[in-house]
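File shown: model-v6.cif (mmCIF, C-alpha atoms and all ligand atoms).
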data_model
#
loop_
_atom_site.label_atom_id
_atom_site.label_comp_id
_atom_site.auth_asym_id
_atom_site.auth_seq_id
_atom_site.Cartn_x
_atom_site.Cartn_y
_atom_site.Cartn_z
CA MET A 1 221.05 169.69 191.58
CA HIS A 2 223.97 171.16 189.71
CA LEU A 3 226.26 170.94 192.73
CA VAL A 4 225.16 167.42 193.65
CA ASN A 5 225.71 166.31 190.08
CA ALA A 6 229.15 167.93 189.92
CA LYS A 7 230.15 166.28 193.18
CA LEU A 8 228.81 162.91 192.14
CA THR A 9 230.54 163.11 188.77
CA SER A 10 233.90 164.04 190.28
CA PHE A 11 233.52 161.26 192.87
CA LEU A 12 232.65 158.67 190.22
CA ASN A 13 235.13 159.79 187.58
CA PRO A 14 238.07 157.54 188.48
CA TYR A 15 235.71 154.54 188.61
CA LEU A 16 233.97 155.43 185.38
CA GLU A 17 237.25 155.90 183.57
CA GLY A 18 238.43 152.49 184.69
CA PHE A 19 235.09 150.99 183.79
CA GLN A 20 235.14 152.57 180.35
CA HIS A 21 238.33 150.73 179.56
CA LEU A 22 236.45 147.52 180.07
CA ILE A 23 233.47 148.43 177.92
CA PHE A 24 235.25 150.22 175.13
CA PRO A 25 238.07 148.34 173.47
CA ASN A 26 241.21 150.34 172.89
CA THR A 27 240.57 151.40 169.32
CA CYS A 28 241.07 154.60 167.36
CA LEU A 29 238.17 156.98 167.73
CA GLN A 30 238.38 157.83 164.07
CA CYS A 31 239.27 154.71 162.07
CA SER A 32 238.49 152.00 164.71
CA HIS A 33 241.88 150.33 164.26
CA GLU A 34 243.39 148.91 167.40
CA LEU A 35 245.72 151.31 169.16
CA SER A 36 249.27 150.50 170.16
CA ARG A 37 250.09 151.03 173.79
CA PHE A 38 251.83 154.29 172.87
CA GLU A 39 248.71 155.70 171.26
CA LYS A 40 245.82 157.27 173.11
CA TYR A 41 242.29 157.62 171.68
CA ILE A 42 243.53 158.33 168.15
CA CYS A 43 246.06 156.39 166.09
CA ALA A 44 249.17 158.07 164.71
CA PHE A 45 247.79 157.93 161.18
CA CYS A 46 244.55 159.74 162.07
CA TRP A 47 246.43 162.10 164.35
CA ASP A 48 248.37 163.29 161.32
CA LYS A 49 245.12 164.09 159.52
CA LEU A 50 244.00 166.58 162.18
CA GLN A 51 244.52 170.09 160.96
CA ARG A 52 246.45 172.20 163.45
CA THR A 53 245.96 175.97 163.48
CA TYR A 54 249.39 176.90 164.92
CA PHE A 55 247.74 180.06 166.26
CA GLU A 56 250.12 179.94 169.22
CA SER A 57 253.01 180.97 166.97
CA TYR A 58 251.16 183.71 165.04
CA GLU A 59 252.67 187.14 165.41
CA SER A 60 250.01 188.88 163.33
CA PRO A 61 246.26 188.54 164.02
CA SER A 62 244.85 185.10 163.24
CA GLY A 63 241.52 184.37 161.60
CA MET A 64 240.20 183.76 165.10
CA ASP A 65 241.25 187.28 166.21
CA GLN A 66 239.63 188.72 163.12
CA LEU A 67 236.37 186.88 163.74
CA PHE A 68 235.81 189.04 166.81
CA TRP A 69 236.98 192.37 165.41
CA GLY A 70 234.37 195.06 165.95
CA ARG A 71 232.40 192.74 168.24
CA ILE A 72 234.38 192.45 171.46
CA THR A 73 237.91 193.39 172.52
CA LEU A 74 239.90 190.31 173.37
CA LYS A 75 243.35 189.84 174.82
CA GLU A 76 244.44 186.57 173.23
CA THR A 77 242.78 183.80 171.26
CA PHE A 78 243.72 180.19 170.72
CA ALA A 79 242.27 177.14 168.98
CA LEU A 80 244.09 173.85 168.57
CA TYR A 81 242.49 172.53 165.37
CA PHE A 82 240.54 173.68 162.37
CA PHE A 83 237.11 172.17 162.16
CA GLU A 84 235.69 170.92 158.90
CA LYS A 85 232.63 168.74 158.45
CA GLU A 86 233.31 165.09 157.63
CA LYS A 87 236.83 165.42 159.00
CA PRO A 88 238.36 163.74 162.09
CA VAL A 89 237.94 166.82 164.28
CA GLN A 90 234.19 166.55 163.89
CA ASP A 91 234.29 162.95 165.14
CA ILE A 92 236.31 164.00 168.15
CA LEU A 93 233.86 166.80 168.92
CA HIS A 94 230.96 164.41 168.57
CA ALA A 95 232.59 161.86 170.86
CA LEU A 96 233.33 164.59 173.35
CA LYS A 97 229.75 165.74 173.40
CA TYR A 98 227.69 162.59 173.21
CA GLN A 99 229.65 159.45 173.95
CA PHE A 100 230.58 160.01 177.55
CA LYS A 101 234.23 160.30 176.72
CA ALA A 102 235.18 162.31 179.77
CA PRO A 103 238.84 161.21 179.73
CA LEU A 104 239.04 162.30 176.10
CA GLY A 105 238.00 165.84 177.02
CA ARG A 106 240.66 166.10 179.71
CA HIS A 107 243.23 164.52 177.40
CA PHE A 108 242.66 167.16 174.72
CA GLY A 109 242.53 169.89 177.34
CA ARG A 110 246.04 168.87 178.39
CA ILE A 111 247.23 168.92 174.78
CA MET A 112 245.73 172.41 174.31
CA ALA A 113 247.58 173.68 177.40
CA GLU A 114 250.83 171.97 176.47
CA THR A 115 250.66 173.74 173.12
CA MET A 116 249.81 177.10 174.67
CA ILE A 117 252.68 177.09 177.15
CA LYS A 118 255.10 177.10 174.22
CA SER A 119 254.03 180.69 173.56
CA PRO A 120 254.49 183.65 175.94
CA LYS A 121 251.13 185.04 174.75
CA TYR A 122 249.04 183.03 177.18
CA LYS A 123 251.19 183.33 180.30
CA GLU A 124 249.07 186.07 181.90
CA ILE A 125 245.84 184.07 181.94
CA GLU A 126 244.88 183.64 185.59
CA ALA A 127 241.71 181.54 185.46
CA LEU A 128 239.50 179.56 183.07
CA ILE A 129 235.74 179.91 182.56
CA PRO A 130 234.27 177.04 180.52
CA VAL A 131 231.21 177.97 178.45
CA PRO A 132 228.35 176.73 180.64
CA ILE A 133 225.53 174.52 179.42
CA HIS A 134 222.12 174.54 181.05
CA PRO A 135 222.17 172.57 184.37
CA GLN A 136 219.48 170.22 183.09
CA LYS A 137 221.51 169.43 179.98
CA ARG A 138 224.58 168.93 182.13
CA PHE A 139 222.69 166.53 184.35
CA LEU A 140 221.43 164.49 181.41
CA ARG A 141 224.78 164.42 179.65
CA GLY A 142 226.71 163.84 182.87
CA TYR A 143 229.22 166.54 182.10
CA ASN A 144 229.92 169.75 180.22
CA GLN A 145 232.44 169.12 177.46
CA SER A 146 234.01 172.59 177.75
CA GLU A 147 234.49 172.00 181.45
CA LEU A 148 236.37 168.76 180.71
CA LEU A 149 238.70 170.61 178.35
CA ALA A 150 239.22 173.23 181.06
CA GLN A 151 240.02 170.50 183.61
CA GLY A 152 242.77 169.12 181.41
CA MET A 153 244.10 172.62 180.78
CA ALA A 154 244.03 173.54 184.48
CA GLU A 155 246.18 170.50 185.30
CA ILE A 156 248.97 171.81 183.08
CA LEU A 157 248.55 175.56 183.50
CA LYS A 158 248.01 175.25 187.28
CA ILE A 159 245.25 177.86 187.29
CA PRO A 160 241.71 177.63 188.72
CA ILE A 161 238.45 176.95 186.87
CA LEU A 162 235.60 179.32 187.69
CA LEU A 163 232.42 177.28 187.56
CA ASP A 164 229.76 179.39 189.19
CA THR A 165 230.53 182.74 187.58
CA VAL A 166 228.42 182.60 184.43
CA GLN A 167 225.34 180.45 183.95
CA LYS A 168 223.46 179.40 180.87
CA LYS A 169 219.82 180.35 180.63
CA ARG A 170 217.38 177.76 179.43
CA ASN A 171 215.88 179.60 176.49
CA ASN A 172 218.25 179.62 173.56
CA ALA A 173 216.50 182.05 171.23
CA SER A 174 217.70 182.11 167.67
CA GLN A 175 220.86 184.20 167.49
CA THR A 176 220.90 184.67 163.77
CA THR A 177 217.63 186.61 163.66
CA LYS A 178 218.98 189.25 166.01
CA ASN A 179 220.64 192.27 164.53
CA ARG A 180 223.87 193.72 165.84
CA PHE A 181 222.16 196.52 167.78
CA LEU A 182 220.44 193.94 169.90
CA ARG A 183 223.69 192.25 170.81
CA TRP A 184 223.49 193.21 174.44
CA ASP A 185 219.96 191.77 174.70
CA ASN A 186 221.29 188.63 173.11
CA ALA A 187 224.06 188.36 175.71
CA SER A 188 221.71 188.77 178.65
CA GLU A 189 219.23 186.40 177.04
CA GLN A 190 221.76 183.59 176.77
CA PHE A 191 223.75 183.92 179.98
CA CYS A 192 223.45 185.34 183.47
CA PHE A 193 225.81 185.69 186.40
CA GLY A 194 226.16 182.89 188.93
CA LYS A 195 226.94 183.21 192.61
CA LYS A 196 230.68 183.83 192.33
CA GLY A 197 232.30 187.04 191.11
CA VAL A 198 235.54 187.40 189.18
CA THR A 199 238.53 188.52 191.24
CA TYR A 200 241.10 188.02 188.49
CA ARG A 201 242.57 190.46 186.00
CA HIS A 202 242.71 188.13 183.04
CA ILE A 203 240.45 185.16 182.39
CA ALA A 204 240.05 182.85 179.41
CA ILE A 205 236.71 181.49 178.24
CA VAL A 206 237.02 177.84 177.15
CA ASP A 207 234.83 176.35 174.41
CA ASP A 208 234.85 173.14 172.38
CA VAL A 209 234.15 174.57 168.93
CA ILE A 210 233.73 178.04 167.46
CA THR A 211 231.65 178.61 164.36
CA THR A 212 230.08 182.09 164.27
CA GLY A 213 231.55 183.10 167.64
CA SER A 214 228.21 184.48 168.81
CA THR A 215 228.07 182.35 171.97
CA LEU A 216 231.54 183.45 173.04
CA GLU A 217 230.76 187.03 172.12
CA ALA A 218 227.61 186.97 174.26
CA MET A 219 229.46 185.50 177.21
CA ALA A 220 232.34 187.97 176.90
CA GLN A 221 229.85 190.86 176.59
CA LEU A 222 228.17 189.85 179.82
CA LEU A 223 231.50 189.63 181.68
CA ARG A 224 232.64 192.96 180.24
CA SER A 225 229.39 194.63 181.36
CA GLN A 226 230.14 193.79 184.98
CA TYR A 227 233.95 193.94 184.82
CA PRO A 228 234.95 196.67 182.34
CA LEU A 229 238.68 196.26 183.02
CA LEU A 230 238.75 192.48 182.87
CA GLN A 231 241.02 191.09 180.18
CA ILE A 232 239.28 188.32 178.30
CA SER A 233 240.93 185.67 176.14
CA LEU A 234 239.23 182.88 174.20
CA ILE A 235 240.42 179.31 173.98
CA SER A 236 238.74 176.65 171.89
CA PHE A 237 239.49 173.10 170.94
CA ALA A 238 238.49 173.78 167.35
CA ILE A 239 237.47 176.63 165.07
CA ALA A 240 235.47 176.37 161.84
CA LYS A 241 237.58 177.05 158.77
ZN ZN B 301 242.92 155.95 163.35
#

Written as C-alpha cells, how would this file's structure read?
Amino acid sequence: MHLVNAKLTSFLNPYLEGFQHLIFPNTCLQCSHELSRFEKYICAFCWDKLQRTYFESYESPSGMDQLFWGRITLKETFALYFFEKEKPVQDILHALKYQFKAPLGRHFGRIMAETMIKSPKYKEIEALIPVPIHPQKRFLRGYNQSELLAQGMAEILKIPILLDTVQKKRNNASQTTKNRFLRWDNASEQFCFGKKGVTYRHIAIVDDVITTGSTLEAMAQLLRSQYPLLQISLISFAIAK
C-alpha cells in the first residue's frame, strides 16, 4: 500500500499543485494578506519575523549539537528556524503537517539546502533519510512532511533520498517514561529496518521539528547499531528554543 500510495502521490503531484492554486487564493500563510507575485507562501513582513538559527555559520557547537551530547555521536547538525509556540514557524509546521501543502514542504526543503550549501560543513552528506511516519498515517495524510522537505533538499543538493531504509512501527509508546538505560529498547520499539540497506558513508536524517530529540536519537541509534561506521548528521526545518 505504501508503494502504491507513493507512486500515486508522485503521479498526481503536478496536477494537485496546479489544482491547489485554484482552491487556495495566493495569500500569506501567516497573516492572510495577499501576496505579491514575488512572494511565495509567506509575505516579506512575516518572513522577517521567522527566527533563523544561523547554525550553518557556527564554528563552535550549537544548541542543537549540545542537545545530543552524551546520547548519540553526530557528524553535523542543522536547523533553519527556531520554533516557539504562537510564532509563525508553528503555523508553517502546522500547514506542512495538516493542510496538504505539499509544495510548501518542497519549497522550504529547497531553502534549507540553499542555506546549507553556503557552509562547507554539509558537503560530505551523501544521502537523506526522512524520518518515516507509519504507512497508515502516510496514506491518510497523503504524504510525509519530512519526506517533502527532503525532496526539496535533494533537488538542490543533488543527492538521493533513502525511503525504504528505516520504517516507523505502529506503536508509539511513551518516550518520556523510559529511562536512559532503556534507550536501545526505545529505538527498536519506534523504528525498524526496511528492505533497503545503507551503502553510503555519511547520511543525514531529515525531520520537520525537533523538541526533545528523542525520535531522532532513536532513529540514529538504530542506524548506528547496524552500521557502526556510518556518519550521521541531523537536519531539521525547526528546533525548539
Ligand atoms: Zn504575512

Pick from A:Thr115, A:Ser32, A:Ser225, A:Ser236 nearest to Val131 in chain A, counting all atoms listed in the file: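 Checking each candidate against Val131 in chain A, we get A:Ser236 as the closest.
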
Using only C-alpha atoms and all ligand atoms, pick whichever of A:Lys87, A:Lys121, A:His33, A:Lys49 has the shortest atom-to-atom distance to ligand ZN 301 (chain B).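 Of A:Lys87, A:Lys121, A:His33, A:Lys49, the one nearest ligand ZN 301 (chain B) is A:His33, counting only C-alpha atoms and all ligand atoms.
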
Protein and nucleic acid residues within 6 Å of ligand ZN 301 (chain B) (all atoms listed in the file) as a VMD selection string: chain A and resid 28 30 to 31 33 42 to 43 45 to 46

Option closest in space to Lys137 in chain A, from A:Tyr98, A:Tyr122, A:Phe237, A:Phe193 [counting only C-alpha atoms]: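 That would be A:Tyr98, the residue with the smallest distance to Lys137 in chain A.
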
Kindly give the distance, in Å, that separates CA of Glu155 in chain A and CA of Glu124 in chain A, rounded to a single decimal.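 Result for CA of Glu155 in chain A versus CA of Glu124 in chain A: 16.2 Å, one decimal.
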
Å distance separating CA of Ile117 in chain A from CA of Asp208 in chain A, one decimal place: 18.9 Å

Pick out the closest residue to Leu29 in chain A from this set: A:Ile72, A:Glu84, A:Ala79, A:Leu93. Count all atoms listed in the file. A:Leu93

Could you check which of A:Gln151, A:Ser188, A:Ser36, A:Gln136 is closest to Arg170 in chain A, using all atoms listed in the file? A:Gln136

Counting all atoms listed in the file, closest pick from A:Leu162, A:Leu149, A:Ile92, A:Arg110 relative to Gly197 in chain A is A:Leu162

Neighbours of His134 in chain A within 8 Å (only C-alpha atoms; same-chain residues fewer than 4 positions away dropped), as a count of residues only? 5

If you count only C-alpha atoms, which residues fall within 12 Å of Phe78 in chain A, apart from same-chain ones fewer than 6 positions away, as a PyMOL selection string? chain A and resi 52-58+61-65+112-113+115-117+119+121-122+204-210+232-239

Grab the residues selected above and save them as a CSV table (one decimal), in the coordinates of the input with C-alpha atoms.
chain,number,residue,atom,x,y,z
A,52,ARG,CA,246.4,172.2,163.4
A,53,THR,CA,246.0,176.0,163.5
A,54,TYR,CA,249.4,176.9,164.9
A,55,PHE,CA,247.7,180.1,166.3
A,56,GLU,CA,250.1,179.9,169.2
A,57,SER,CA,253.0,181.0,167.0
A,58,TYR,CA,251.2,183.7,165.0
A,61,PRO,CA,246.3,188.5,164.0
A,62,SER,CA,244.8,185.1,163.2
A,63,GLY,CA,241.5,184.4,161.6
A,64,MET,CA,240.2,183.8,165.1
A,65,ASP,CA,241.2,187.3,166.2
A,112,MET,CA,245.7,172.4,174.3
A,113,ALA,CA,247.6,173.7,177.4
A,115,THR,CA,250.7,173.7,173.1
A,116,MET,CA,249.8,177.1,174.7
A,117,ILE,CA,252.7,177.1,177.2
A,119,SER,CA,254.0,180.7,173.6
A,121,LYS,CA,251.1,185.0,174.8
A,122,TYR,CA,249.0,183.0,177.2
A,204,ALA,CA,240.0,182.8,179.4
A,205,ILE,CA,236.7,181.5,178.2
A,206,VAL,CA,237.0,177.8,177.2
A,207,ASP,CA,234.8,176.4,174.4
A,208,ASP,CA,234.8,173.1,172.4
A,209,VAL,CA,234.2,174.6,168.9
A,210,ILE,CA,233.7,178.0,167.5
A,232,ILE,CA,239.3,188.3,178.3
A,233,SER,CA,240.9,185.7,176.1
A,234,LEU,CA,239.2,182.9,174.2
A,235,ILE,CA,240.4,179.3,174.0
A,236,SER,CA,238.7,176.6,171.9
A,237,PHE,CA,239.5,173.1,170.9
A,238,ALA,CA,238.5,173.8,167.4
A,239,ILE,CA,237.5,176.6,165.1

Need the shell around Ile111 in chain A: protein/DNA/RNA residues with any atom at most 9 Å away, counting only C-alpha atoms. Skip same-chain ones fewer than 2 positions apart. Format as a VMD selection string? chain A and resid 80 106 to 109 113 to 116 152 to 153 156

Pairwise distance for CA of Ile203 in chain A and CA of Trp69 in chain A, rounded to one decimal in Å: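 Separation between CA of Ile203 in chain A and CA of Trp69 in chain A: 18.8 Å.
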
Provide an axis-aligned box for all listed atoms of range 165-168 of chain A, padding each side by 6 Å; report its centre and its edge lengths in Å to one decimal, as AutoDock Vina command-line options.
--center_x 227.0 --center_y 181.1 --center_z 184.2 --size_x 19.1 --size_y 15.3 --size_z 18.7
